[in-house]
file start_4.cif (mmCIF, C-alpha atoms and all ligand atoms)
data_start
#
loop_
_atom_site.label_atom_id
_atom_site.label_comp_id
_atom_site.auth_asym_id
_atom_site.auth_seq_id
_atom_site.Cartn_x
_atom_site.Cartn_y
_atom_site.Cartn_z
CA MET A 115 0.00 0.00 0.00
CA LYS A 116 1.18 3.55 -0.74
CA ALA A 117 -0.39 5.89 1.76
CA VAL A 118 -0.37 9.59 2.53
CA VAL A 119 -0.86 10.30 6.24
CA THR A 120 -1.56 13.96 6.97
CA GLY A 121 -0.87 14.79 10.60
CA GLY A 122 1.34 11.68 10.72
CA ALA A 123 3.54 13.16 13.46
CA GLY A 124 0.55 13.75 15.72
CA PHE A 125 -1.00 11.58 18.40
CA ILE A 126 -3.38 9.44 16.31
CA GLY A 127 -1.59 9.88 12.95
CA SER A 128 1.75 8.55 14.27
CA HIS A 129 0.10 5.33 15.49
CA ILE A 130 -1.43 4.87 12.02
CA VAL A 131 2.06 5.38 10.53
CA ASP A 132 3.49 2.70 12.86
CA LEU A 133 0.81 0.19 11.84
CA LEU A 134 1.26 0.95 8.12
CA LEU A 135 5.03 0.46 8.44
CA GLU A 136 4.49 -2.86 10.25
CA ASN A 137 2.43 -3.88 7.23
CA ASP A 138 5.19 -2.92 4.81
CA SER A 139 3.44 0.13 3.33
CA GLU A 140 5.24 3.08 1.80
CA ILE A 141 4.19 6.31 3.46
CA LEU A 142 4.29 10.02 2.80
CA VAL A 143 3.67 11.93 6.03
CA ILE A 144 2.64 15.56 5.64
CA ASP A 145 2.84 17.54 8.85
CA ASN A 146 3.68 21.12 9.79
CA PHE A 147 4.75 19.98 13.31
CA SER A 148 2.50 22.57 14.94
CA SER A 149 1.56 20.00 17.59
CA GLY A 150 3.13 16.85 16.13
CA LYS A 151 6.62 15.82 17.19
CA LYS A 152 9.61 14.54 15.21
CA GLU A 153 10.26 11.89 17.89
CA HIS A 154 6.90 10.27 17.02
CA LEU A 155 8.39 9.20 13.67
CA ASP A 156 11.13 6.68 12.98
CA PHE A 157 13.24 8.51 10.39
CA THR A 158 15.44 5.42 9.89
CA GLN A 159 12.56 3.64 8.08
CA LYS A 160 13.34 3.53 4.36
CA LYS A 161 9.67 3.43 3.39
CA LEU A 162 8.85 6.58 5.34
CA HIS A 163 9.00 9.95 3.56
CA VAL A 164 8.25 13.12 5.49
CA LEU A 165 7.17 16.48 4.07
CA GLU A 166 7.22 19.31 6.59
CA ALA A 167 4.51 21.61 5.23
CA ASP A 168 1.09 23.03 5.91
CA ILE A 169 -1.59 20.89 4.23
CA SER A 170 -3.17 23.96 2.66
CA HIS A 171 0.09 24.73 0.79
CA SER A 172 0.26 23.85 -2.91
CA VAL A 173 3.58 22.01 -2.39
CA CYS A 174 1.59 19.24 -0.68
CA ILE A 175 -0.59 18.63 -3.71
CA ARG A 176 2.50 18.55 -5.97
CA GLU A 177 4.21 16.01 -3.68
CA ILE A 178 1.06 13.88 -3.40
CA GLU A 179 0.80 13.87 -7.21
CA LYS A 180 4.41 12.67 -7.46
CA PHE A 181 3.86 10.02 -4.76
CA GLN A 182 0.70 8.56 -6.36
CA PRO A 183 -0.91 7.11 -3.20
CA ASP A 184 -3.55 4.37 -3.09
CA MET A 185 -4.83 5.61 0.27
CA VAL A 186 -5.10 8.93 2.09
CA PHE A 187 -5.45 9.06 5.89
CA HIS A 188 -6.36 12.64 6.77
CA TYR A 189 -5.41 13.40 10.39
CA ALA A 190 -3.95 16.92 10.16
CA GLY A 191 -6.07 19.75 11.41
CA GLN A 192 -6.63 22.18 14.17
CA ILE A 193 -8.19 20.36 17.14
CA SER A 194 -9.01 23.14 19.58
CA VAL A 195 -12.72 23.73 20.16
CA GLY A 196 -11.83 27.01 21.94
CA TYR A 197 -9.87 28.28 18.92
CA SER A 198 -12.78 27.38 16.63
CA VAL A 199 -15.11 29.50 18.78
CA ARG A 200 -12.68 32.45 18.82
CA GLU A 201 -11.61 32.11 15.16
CA PRO A 202 -14.34 30.29 13.21
CA GLN A 203 -12.91 31.43 9.88
CA GLY A 204 -9.43 30.18 10.78
CA ASP A 205 -10.94 26.86 11.83
CA ALA A 206 -12.86 26.58 8.55
CA GLN A 207 -9.71 27.37 6.53
CA GLN A 208 -7.67 24.70 8.29
CA ASN A 209 -10.34 22.06 8.72
CA ILE A 210 -12.76 22.50 5.81
CA MET A 211 -10.87 24.19 2.95
CA ALA A 212 -7.72 22.09 3.40
CA THR A 213 -9.81 18.88 3.43
CA LEU A 214 -11.61 19.96 0.27
CA LYS A 215 -8.30 20.60 -1.52
CA LEU A 216 -7.04 17.15 -0.51
CA LEU A 217 -10.27 15.45 -1.61
CA GLU A 218 -10.19 17.18 -4.99
CA ALA A 219 -6.51 16.29 -5.54
CA SER A 220 -7.09 12.67 -4.43
CA LYS A 221 -10.05 12.25 -6.79
CA GLY A 222 -7.86 13.39 -9.72
CA LEU A 223 -5.17 10.88 -8.72
CA GLN A 224 -7.39 7.80 -8.60
CA VAL A 225 -6.84 7.30 -4.86
CA GLN A 226 -8.83 4.19 -3.84
CA LYS A 227 -9.75 5.18 -0.28
CA PHE A 228 -9.81 8.44 1.63
CA ILE A 229 -10.19 8.06 5.41
CA MET A 230 -10.72 11.03 7.68
CA ALA A 231 -10.92 11.67 11.42
CA SER A 232 -14.33 12.91 12.42
CA SER A 233 -15.63 13.11 15.96
CA ALA A 234 -18.43 12.37 18.41
CA ALA A 235 -18.66 16.18 18.57
CA VAL A 236 -20.94 16.09 15.49
CA TYR A 237 -23.75 14.69 17.70
CA GLY A 238 -23.69 17.46 20.30
CA ASP A 239 -26.07 16.44 23.10
CA GLN A 240 -26.64 12.71 22.81
CA LEU A 241 -30.26 11.70 23.26
CA TYR A 242 -29.75 7.93 23.63
CA TYR A 243 -26.83 5.67 24.58
CA PRO A 244 -24.79 4.21 23.11
CA THR A 245 -25.38 6.67 20.26
CA THR A 246 -25.55 5.26 16.73
CA GLU A 247 -24.57 6.97 13.47
CA GLU A 248 -28.22 7.78 12.61
CA HIS A 249 -28.49 10.06 15.66
CA THR A 250 -29.43 13.66 14.83
CA GLN A 251 -26.50 16.06 14.72
CA PHE A 252 -26.46 19.14 16.94
CA PRO A 253 -22.89 20.46 16.62
CA HIS A 254 -22.11 22.84 19.52
CA SER A 255 -19.01 24.51 18.07
CA PRO A 256 -17.44 25.62 14.78
CA TYR A 257 -14.99 22.67 15.26
CA ALA A 258 -17.94 20.24 15.24
CA ILE A 259 -19.55 22.10 12.33
CA SER A 260 -16.29 21.67 10.36
CA LYS A 261 -16.35 17.92 11.02
CA LYS A 262 -20.00 17.73 9.94
CA CYS A 263 -19.26 19.76 6.81
CA CYS A 264 -16.26 17.56 5.91
CA GLU A 265 -18.41 14.46 6.34
CA THR A 266 -20.86 15.92 3.81
CA TYR A 267 -17.97 16.49 1.36
CA LEU A 268 -16.72 12.94 2.00
CA GLU A 269 -20.17 11.62 1.16
CA TYR A 270 -20.29 13.77 -1.99
CA TYR A 271 -16.85 12.56 -3.18
CA GLY A 272 -17.70 8.97 -2.28
CA ARG A 273 -20.78 9.11 -4.48
CA ASN A 274 -19.21 11.12 -7.31
CA SER A 275 -15.78 9.55 -7.84
CA ASN A 276 -14.15 6.15 -7.92
CA MET A 277 -12.73 6.80 -4.47
CA GLN A 278 -14.31 5.20 -1.36
CA THR A 279 -14.53 7.67 1.48
CA PHE A 280 -14.71 7.15 5.24
CA ALA A 281 -15.63 9.40 8.15
CA LEU A 282 -14.51 7.79 11.43
CA ARG A 283 -16.28 9.38 14.38
CA PHE A 284 -14.05 8.86 17.37
CA SER A 285 -15.14 9.01 20.97
CA ASN A 286 -12.39 10.06 23.44
CA VAL A 287 -9.11 8.69 22.12
CA TYR A 288 -6.32 8.18 24.67
CA GLY A 289 -2.89 6.58 24.87
CA PRO A 290 0.84 7.15 24.47
CA ARG A 291 1.95 10.34 22.64
CA GLN A 292 -1.21 12.29 23.47
CA ASN A 293 -0.32 15.90 24.08
CA ALA A 294 -1.04 16.85 27.70
CA GLY A 295 -1.31 20.58 26.93
CA GLY A 296 -4.18 22.70 25.67
CA GLU A 297 -7.58 21.03 25.62
CA SER A 298 -6.20 17.53 25.64
CA GLY A 299 -7.83 14.50 27.14
CA VAL A 300 -8.24 13.92 30.84
CA ILE A 301 -6.06 10.77 30.79
CA ALA A 302 -3.00 12.50 29.28
CA ILE A 303 -3.40 15.38 31.74
CA PHE A 304 -3.71 12.97 34.68
CA PHE A 305 -0.52 11.02 33.87
CA ASP A 306 1.35 14.21 33.03
CA ARG A 307 0.42 15.70 36.44
CA LEU A 308 1.49 12.47 38.11
CA GLN A 309 4.99 12.96 36.71
CA ALA A 310 5.18 16.43 38.22
CA GLN A 311 3.43 15.28 41.44
CA ASN A 312 0.86 18.04 41.01
CA SER A 313 -2.71 17.85 42.16
CA PHE A 314 -5.46 17.00 39.72
CA THR A 315 -8.71 18.94 39.42
CA ILE A 316 -11.88 17.28 38.20
CA ASN A 317 -14.38 19.58 36.50
CA GLY A 318 -17.56 19.68 38.59
CA ASP A 319 -18.81 16.58 40.42
CA GLY A 320 -16.97 14.18 38.08
CA LEU A 321 -20.12 12.13 37.53
CA GLN A 322 -20.15 13.09 33.85
CA THR A 323 -19.40 10.01 31.75
CA ARG A 324 -17.10 9.52 28.75
CA ASP A 325 -16.36 6.68 26.36
CA PHE A 326 -12.63 6.05 25.94
CA VAL A 327 -10.98 4.23 23.06
CA PHE A 328 -7.30 3.29 23.00
CA VAL A 329 -5.20 4.84 20.22
CA GLU A 330 -3.81 1.50 18.94
CA ASP A 331 -7.39 0.27 18.49
CA VAL A 332 -8.11 3.48 16.56
CA ALA A 333 -5.10 2.83 14.27
CA ARG A 334 -6.37 -0.73 13.71
CA ALA A 335 -9.82 0.60 12.77
CA ASN A 336 -8.10 2.70 10.07
CA TRP A 337 -6.16 -0.30 8.80
CA MET A 338 -9.27 -2.52 8.71
CA CYS A 339 -11.21 0.12 6.75
CA ALA A 340 -8.27 0.53 4.35
CA THR A 341 -8.04 -3.20 3.67
CA ALA A 342 -11.74 -4.18 3.77
CA GLU A 343 -13.52 -5.15 0.58
CA ASN A 344 -17.14 -4.85 -0.52
CA LEU A 345 -17.89 -1.59 1.26
CA THR A 346 -20.16 1.16 0.00
CA ASN A 347 -18.84 4.37 -1.63
CA TYR A 348 -19.26 6.36 1.57
CA ASN A 349 -18.87 4.89 5.05
CA CYS A 350 -19.50 6.67 8.31
CA PHE A 351 -18.51 4.71 11.42
CA ASN A 352 -18.36 5.37 15.13
CA VAL A 353 -15.07 4.13 16.63
CA SER A 354 -15.42 3.80 20.38
CA GLY A 355 -15.06 1.70 23.49
CA ALA A 356 -18.87 1.79 23.90
CA GLN A 357 -18.46 1.77 27.67
CA GLU A 358 -19.35 4.76 29.73
CA ILE A 359 -17.23 5.54 32.74
CA SER A 360 -17.54 8.53 35.05
CA ILE A 361 -14.49 10.77 35.44
CA VAL A 362 -14.43 10.00 39.18
CA LYS A 363 -14.21 6.24 38.49
CA LEU A 364 -11.66 6.78 35.73
CA VAL A 365 -9.41 8.80 38.03
CA SER A 366 -9.69 6.17 40.75
CA LEU A 367 -8.66 3.44 38.26
CA ALA A 368 -5.76 5.57 37.00
CA GLN A 369 -4.62 6.19 40.61
CA ASP A 370 -4.58 2.41 41.27
CA ILE A 371 -2.51 1.76 38.15
CA ALA A 372 -0.10 4.58 38.97
CA LYS A 373 0.34 3.24 42.54
CA LYS A 374 1.18 -0.19 41.13
CA HIS A 375 4.04 1.52 39.26
CA GLY A 376 5.36 3.25 42.34
CA PHE A 377 3.78 6.70 42.00
CA THR A 378 2.37 8.54 44.99
CA SER A 379 -1.35 9.23 44.58
CA LEU A 380 -2.30 12.67 43.30
CA LYS A 381 -4.40 14.97 45.46
CA ILE A 382 -7.78 15.17 43.76
CA ALA A 383 -9.80 18.39 43.89
CA HIS A 384 -13.13 19.34 42.33
CA GLY A 385 -13.35 22.62 40.42
CA GLU A 386 -16.20 24.47 38.76
CA ALA A 387 -18.21 22.47 36.23
CA LEU A 388 -17.40 23.54 32.66
CA ALA A 389 -20.26 25.50 31.09
CA GLY A 390 -22.00 23.43 28.41
CA GLU A 391 -20.06 20.24 29.16
CA LEU A 392 -21.91 17.05 28.14
CA ARG A 393 -23.14 14.92 31.07
CA ARG A 394 -23.01 11.65 29.16
CA SER A 395 -21.24 10.41 26.07
CA SER A 396 -21.11 6.92 24.61
CA LEU A 397 -20.98 5.71 21.00
CA SER A 398 -22.04 2.35 19.57
CA TYR A 399 -19.45 0.60 17.37
CA LYS A 400 -21.99 -1.92 16.03
CA ASN A 401 -21.84 -0.50 12.50
CA ILE A 402 -18.05 -0.74 11.99
CA TYR A 403 -18.13 -4.19 13.61
CA HIS A 404 -20.69 -5.48 11.11
CA SER A 405 -18.99 -3.79 8.13
CA VAL A 406 -15.28 -4.51 8.70
CA GLY A 407 -15.18 -6.68 11.85
CA TRP A 408 -13.56 -4.04 14.07
CA ALA A 409 -14.12 -4.01 17.84
CA PRO A 410 -11.92 -2.50 20.52
CA LYS A 411 -9.42 -5.01 21.95
CA THR A 412 -7.74 -3.01 24.69
CA THR A 413 -9.49 -2.83 28.05
CA LEU A 414 -9.41 0.50 29.85
CA ALA A 415 -7.11 -1.00 32.53
CA GLU A 416 -4.63 -2.24 29.88
CA GLY A 417 -4.72 1.06 27.98
CA LEU A 418 -4.25 3.10 31.16
CA GLU A 419 -1.27 0.94 32.09
CA LYS A 420 0.40 1.49 28.69
CA THR A 421 -0.31 5.22 28.92
CA CYS A 422 1.07 5.41 32.47
CA LEU A 423 4.30 3.68 31.38
CA TYR A 424 4.66 6.05 28.42
CA PHE A 425 4.32 9.18 30.58
CA ALA A 426 6.64 7.64 33.21
CA LYS A 427 9.53 7.51 30.69
N1 LIG B 501 -7.74 12.88 20.10
C1 LIG B 501 -9.04 12.66 20.09
O1 LIG B 501 -9.64 12.24 21.12
C2 LIG B 501 -9.84 12.90 18.84
C3 LIG B 501 -11.22 12.61 18.87
C4 LIG B 501 -11.97 12.84 17.73
C5 LIG B 501 -11.36 13.32 16.57
N2 LIG B 501 -10.03 13.62 16.58
C6 LIG B 501 -9.44 14.14 15.32
O2 LIG B 501 -8.32 13.37 14.95
C7 LIG B 501 -7.39 14.19 14.22
C8 LIG B 501 -6.01 14.04 14.85
O3 LIG B 501 -6.09 14.47 16.20
P1 LIG B 501 -4.94 14.21 17.27
O4 LIG B 501 -5.60 14.04 18.58
O5 LIG B 501 -4.01 13.18 16.76
O6 LIG B 501 -4.24 15.64 17.28
P2 LIG B 501 -2.70 16.08 17.12
O7 LIG B 501 -2.68 17.55 17.35
O8 LIG B 501 -1.81 15.23 17.94
O9 LIG B 501 -2.42 15.75 15.58
C9 LIG B 501 -2.64 16.66 14.54
C10 LIG B 501 -1.40 16.64 13.67
O10 LIG B 501 -1.64 17.47 12.53
C11 LIG B 501 -0.57 18.40 12.39
N3 LIG B 501 -1.16 19.60 11.79
C12 LIG B 501 -2.09 20.42 12.35
N4 LIG B 501 -2.45 21.36 11.45
C13 LIG B 501 -1.74 21.12 10.32
C14 LIG B 501 -1.68 21.74 9.05
N5 LIG B 501 -2.44 22.82 8.76
N6 LIG B 501 -0.83 21.25 8.12
C15 LIG B 501 -0.06 20.16 8.39
N7 LIG B 501 -0.08 19.51 9.58
C16 LIG B 501 -0.92 20.00 10.53
C17 LIG B 501 -0.01 18.61 13.79
O11 LIG B 501 1.35 19.03 13.79
C18 LIG B 501 -0.17 17.21 14.37
O12 LIG B 501 0.95 16.40 14.06
C19 LIG B 501 -7.94 15.61 14.27
O13 LIG B 501 -8.66 15.84 13.07
C20 LIG B 501 -8.92 15.56 15.44
O14 LIG B 501 -9.96 16.51 15.27
C21 LIG B 501 -9.25 13.41 17.68
#
call {"tool": "encode", "arguments": {"input": "start_4.cif", "output": "structure tokens", "more": "lines below"}}
Ligand SMILES: NC(=O)c1ccc[n+]([C@@H]2O[C@H](COP(=O)([O-])OP(=O)(O)OC[C@H]3O[C@@H](n4cnc5c(N)ncnc54)[C@H](O)[C@@H]3O)[C@@H](O)[C@H]2O)c1
result
Amino acid sequence: MKAVVTGGAGFIGSHIVDLLLENDSEILVIDNFSSGKKEHLDFTQKKLHVLEADISHSVCIREIEKFQPDMVFHYAGQISVGYSVREPQGDAQQNIMATLKLLEASKGLQVQKFIMASSAAVYGDQLYYPTTEEHTQFPHSPYAISKKCCETYLEYYGRNSNMQTFALRFSNVYGPRQNAGGESGVIAIFFDRLQAQNSFTINGDGLQTRDFVFVEDVARANWMCATAENLTNYNCFNVSGAQEISIVKLVSLAQDIAKKHGFTSLKIAHGEALAGELRRSSLSYKNIYHSVGWAPKTTLAEGLEKTCLYFAK
């Protein structure tokens, strides 16, 4: 397989790159290293080519044309909900316009499959659990609107080209290499604090629930979509753990795992609840399971252990 991975130096993208390399693929990573890190990539791999550039820049399209990929995994983008609220036009440029350019270039190149990271954010408030793909969409932010808009373009290109397109709606992805700064996930922040022996503050009562999926399972979902046959032109799948856990319970489990590895427990405090924060979130993975046979393999305890060991390095 010849694959372009945009955002291949980032958290999720770099795990996709690892899995593609294990499967002997040739890869062109395009990343501007705004949040991605060089140490996430193994530059000694002969089949790995890296272009340091912004995906909206025309040099990317020229290099993709030269590379002639079979697959595109689109994982570059701006991921801050706060930024999207402050700068909706900037968010649309980076997340919608850049995706559209890539889709148009890929269609012209006879790419077979185009897989993109979408998000549970497209649902907004979830009205039933676990939420399925047919659920109504109530995006709460320009970030979520961008994802919804890109999904509509993916559907359009899937139906109007020879390229199969995929929108993978992730729940809360966690694992090694997640950035613990900015608006990152609670698990990365917890293990990062543990390193510094800081206290950890839970937003509100901590009874809000989330659905966590381990990053290696997410990479495997990408691989299974890329290699599956007999799929429709456009495929929209939830990718999740489909298990709700409250933040209080999650933190308690993470404390136990950290203790097992010799860390002193963090002092846990409760802060103000975040305005507009969802109380419950859980996605069903039934659809991707029936279509490509994917189900999460990593239990939360196993994933937390791997994440703890990564942050302990
Ligand atoms: N992490 C999650 O829980 C989660 C959940 C749902 C969806 N997603 C989506 O998955 C994708 C990847 O997220 P992530 O968590 O790996 O974030 P990340 O910030 O670790 O990865 C993004 C990568 O893209 C690169 N990048 C950003 N803008 C770029 C640009 N304009 N040109 C070139 N490279 C650029 C960054 O340097 C980084 O390497 C994003 O689209 C995000 O919205 C993530």
call {"tool": "residues_around", "arguments": {"input": "start_4.cif", "residues": "region 322-324 of chain A", "least_positions_apart": "6", "cutoff": "8 Å", "atoms": "all atoms listed in the file", "output": "ChimeraX atom specification"}}
result
/A:286,357-361,392-396
call {"tool": "residues_around", "arguments": {"input": "start_4.cif", "residues": "region 197-212 of chain A", "least_positions_apart": "4", "cutoff": "7 Å", "atoms": "all atoms listed in the file", "output": "ChimeraX atom specification"}}
result
/A:169-170,191-192,216,255-257,260,264
call {"tool": "closest_residue", "arguments": {"input": "start_4.cif", "among": "A:Ala219, A:Ile316, A:Ile371, A:Ala294", "to": "Gly385 (chain A)", "atoms": "all atoms listed in the file"}}
result
A:Ile316
call {"tool": "residues_around", "arguments": {"input": "start_4.cif", "residues": "Gln159 (chain A)", "least_positions_apart": "6", "cutoff": "10 Å", "atoms": "all atoms listed in the file", "output": "number ranges by chain"}}
result
A: 135, 140-141
call {"tool": "residues_near_ligand", "arguments": {"input": "start_4.cif", "ligand": "ligand LIG 501 (chain B)", "cutoff": "8 Å", "atoms": "all atoms listed in the file", "output": "VMD selection string"}}
result
chain A and resid 120 to 128 144 to 151 166 to 170 188 to 194 208 to 209 212 230 to 235 257 261 283 to 288 291 to 293 298 to 299
call {"tool": "write_last_selection", "arguments": {"input": "start_4.cif", "atoms": "C-alpha atoms", "output": "short mmCIF file (atom, residue, chain, number, x, y, z; two decimals), keeping the file's coordinate frame"}}
result
data_model
loop_
_atom_site.label_atom_id
_atom_site.label_comp_id
_atom_site.auth_asym_id
_atom_site.auth_seq_id
_atom_site.Cartn_x
_atom_site.Cartn_y
_atom_site.Cartn_z
CA THR A 120 -1.56 13.96 6.97
CA GLY A 121 -0.87 14.79 10.60
CA GLY A 122 1.34 11.68 10.72
CA ALA A 123 3.54 13.16 13.46
CA GLY A 124 0.55 13.75 15.72
CA PHE A 125 -1.00 11.58 18.40
CA ILE A 126 -3.38 9.44 16.31
CA GLY A 127 -1.59 9.88 12.95
CA SER A 128 1.75 8.55 14.27
CA ILE A 144 2.64 15.56 5.64
CA ASP A 145 2.84 17.54 8.85
CA ASN A 146 3.68 21.12 9.79
CA PHE A 147 4.75 19.98 13.31
CA SER A 148 2.50 22.57 14.94
CA SER A 149 1.56 20.00 17.59
CA GLY A 150 3.13 16.85 16.13
CA LYS A 151 6.62 15.82 17.19
CA GLU A 166 7.22 19.31 6.59
CA ALA A 167 4.51 21.61 5.23
CA ASP A 168 1.09 23.03 5.91
CA ILE A 169 -1.59 20.89 4.23
CA SER A 170 -3.17 23.96 2.66
CA HIS A 188 -6.36 12.64 6.77
CA TYR A 189 -5.41 13.40 10.39
CA ALA A 190 -3.95 16.92 10.16
CA GLY A 191 -6.07 19.75 11.41
CA GLN A 192 -6.63 22.18 14.17
CA ILE A 193 -8.19 20.36 17.14
CA SER A 194 -9.01 23.14 19.58
CA GLN A 208 -7.67 24.70 8.29
CA ASN A 209 -10.34 22.06 8.72
CA ALA A 212 -7.72 22.09 3.40
CA MET A 230 -10.72 11.03 7.68
CA ALA A 231 -10.92 11.67 11.42
CA SER A 232 -14.33 12.91 12.42
CA SER A 233 -15.63 13.11 15.96
CA ALA A 234 -18.43 12.37 18.41
CA ALA A 235 -18.66 16.18 18.57
CA TYR A 257 -14.99 22.67 15.26
CA LYS A 261 -16.35 17.92 11.02
CA ARG A 283 -16.28 9.38 14.38
CA PHE A 284 -14.05 8.86 17.37
CA SER A 285 -15.14 9.01 20.97
CA ASN A 286 -12.39 10.06 23.44
CA VAL A 287 -9.11 8.69 22.12
CA TYR A 288 -6.32 8.18 24.67
CA ARG A 291 1.95 10.34 22.64
CA GLN A 292 -1.21 12.29 23.47
CA ASN A 293 -0.32 15.90 24.08
CA SER A 298 -6.20 17.53 25.64
CA GLY A 299 -7.83 14.50 27.14
#
call {"tool": "atom_distance", "arguments": {"input": "start_4.cif", "atom1": "CA of Ala340 (chain A)", "atom2": "CA of Val225 (chain A)"}}
result
11.5 Å
call {"tool": "closest_residue", "arguments": {"input": "start_4.cif", "among": "A:Val131, A:Ala333, A:Ile229, A:Ile301", "to": "Val365 (chain A)", "atoms": "only C-alpha atoms"}}
result
A:Ile301
call {"tool": "decode", "arguments": {"input": "start_4.cif", "residues": "region 339-345 of chain A", "atoms": "all heavy atoms", "output": "JSON list (two decimals), in the first residue's frame"}}
result
[["chain", "number", "residue", "atom", "x", "y", "z"],
["A", 339, "CYS", "N", -10.42, -0.57, 7.79],
["A", 339, "CYS", "CA", -11.21, 0.12, 6.75],
["A", 339, "CYS", "C", -10.42, 0.16, 5.44],
["A", 339, "CYS", "O", -10.97, -0.02, 4.35],
["A", 339, "CYS", "CB", -11.55, 1.55, 7.19],
["A", 339, "CYS", "SG", -12.79, 1.59, 8.49],
["A", 340, "ALA", "N", -9.11, 0.41, 5.55],
["A", 340, "ALA", "CA", -8.27, 0.53, 4.35],
["A", 340, "ALA", "C", -8.18, -0.79, 3.60],
["A", 340, "ALA", "O", -8.03, -0.81, 2.38],
["A", 340, "ALA", "CB", -6.87, 1.01, 4.74],
["A", 341, "THR", "N", -8.26, -1.90, 4.32],
["A", 341, "THR", "CA", -8.04, -3.20, 3.67],
["A", 341, "THR", "C", -9.35, -3.98, 3.43],
["A", 341, "THR", "O", -9.33, -5.03, 2.79],
["A", 341, "THR", "CB", -7.09, -4.08, 4.52],
["A", 341, "THR", "OG1", -7.57, -4.10, 5.86],
["A", 341, "THR", "CG2", -5.68, -3.54, 4.50],
["A", 342, "ALA", "N", -10.46, -3.46, 3.93],
["A", 342, "ALA", "CA", -11.74, -4.18, 3.77],
["A", 342, "ALA", "C", -12.25, -4.09, 2.34],
["A", 342, "ALA", "O", -12.01, -3.10, 1.64],
["A", 342, "ALA", "CB", -12.79, -3.59, 4.71],
["A", 343, "GLU", "N", -12.93, -5.15, 1.93],
["A", 343, "GLU", "CA", -13.52, -5.15, 0.58],
["A", 343, "GLU", "C", -15.04, -5.08, 0.70],
["A", 343, "GLU", "O", -15.59, -5.23, 1.78],
["A", 343, "GLU", "CB", -13.10, -6.42, -0.16],
["A", 343, "GLU", "CG", -11.62, -6.34, -0.54],
["A", 343, "GLU", "CD", -11.07, -7.62, -1.11],
["A", 343, "GLU", "OE1", -11.85, -8.57, -1.31],
["A", 343, "GLU", "OE2", -9.84, -7.65, -1.32],
["A", 344, "ASN", "N", -15.67, -4.86, -0.43],
["A", 344, "ASN", "CA", -17.14, -4.85, -0.52],
["A", 344, "ASN", "C", -17.82, -3.82, 0.39],
["A", 344, "ASN", "O", -18.84, -4.11, 1.01],
["A", 344, "ASN", "CB", -17.71, -6.25, -0.20],
["A", 344, "ASN", "CG", -17.13, -7.31, -1.11],
["A", 344, "ASN", "OD1", -16.93, -7.04, -2.29],
["A", 344, "ASN", "ND2", -16.83, -8.47, -0.56],
["A", 345, "LEU", "N", -17.23, -2.65, 0.48],
["A", 345, "LEU", "CA", -17.89, -1.59, 1.26],
["A", 345, "LEU", "C", -18.59, -0.63, 0.29],
["A", 345, "LEU", "O", -18.34, -0.65, -0.91],
["A", 345, "LEU", "CB", -16.85, -0.83, 2.09],
["A", 345, "LEU", "CG", -16.20, -1.65, 3.21],
["A", 345, "LEU", "CD1", -15.07, -0.87, 3.86],
["A", 345, "LEU", "CD2", -17.23, -2.05, 4.26]]
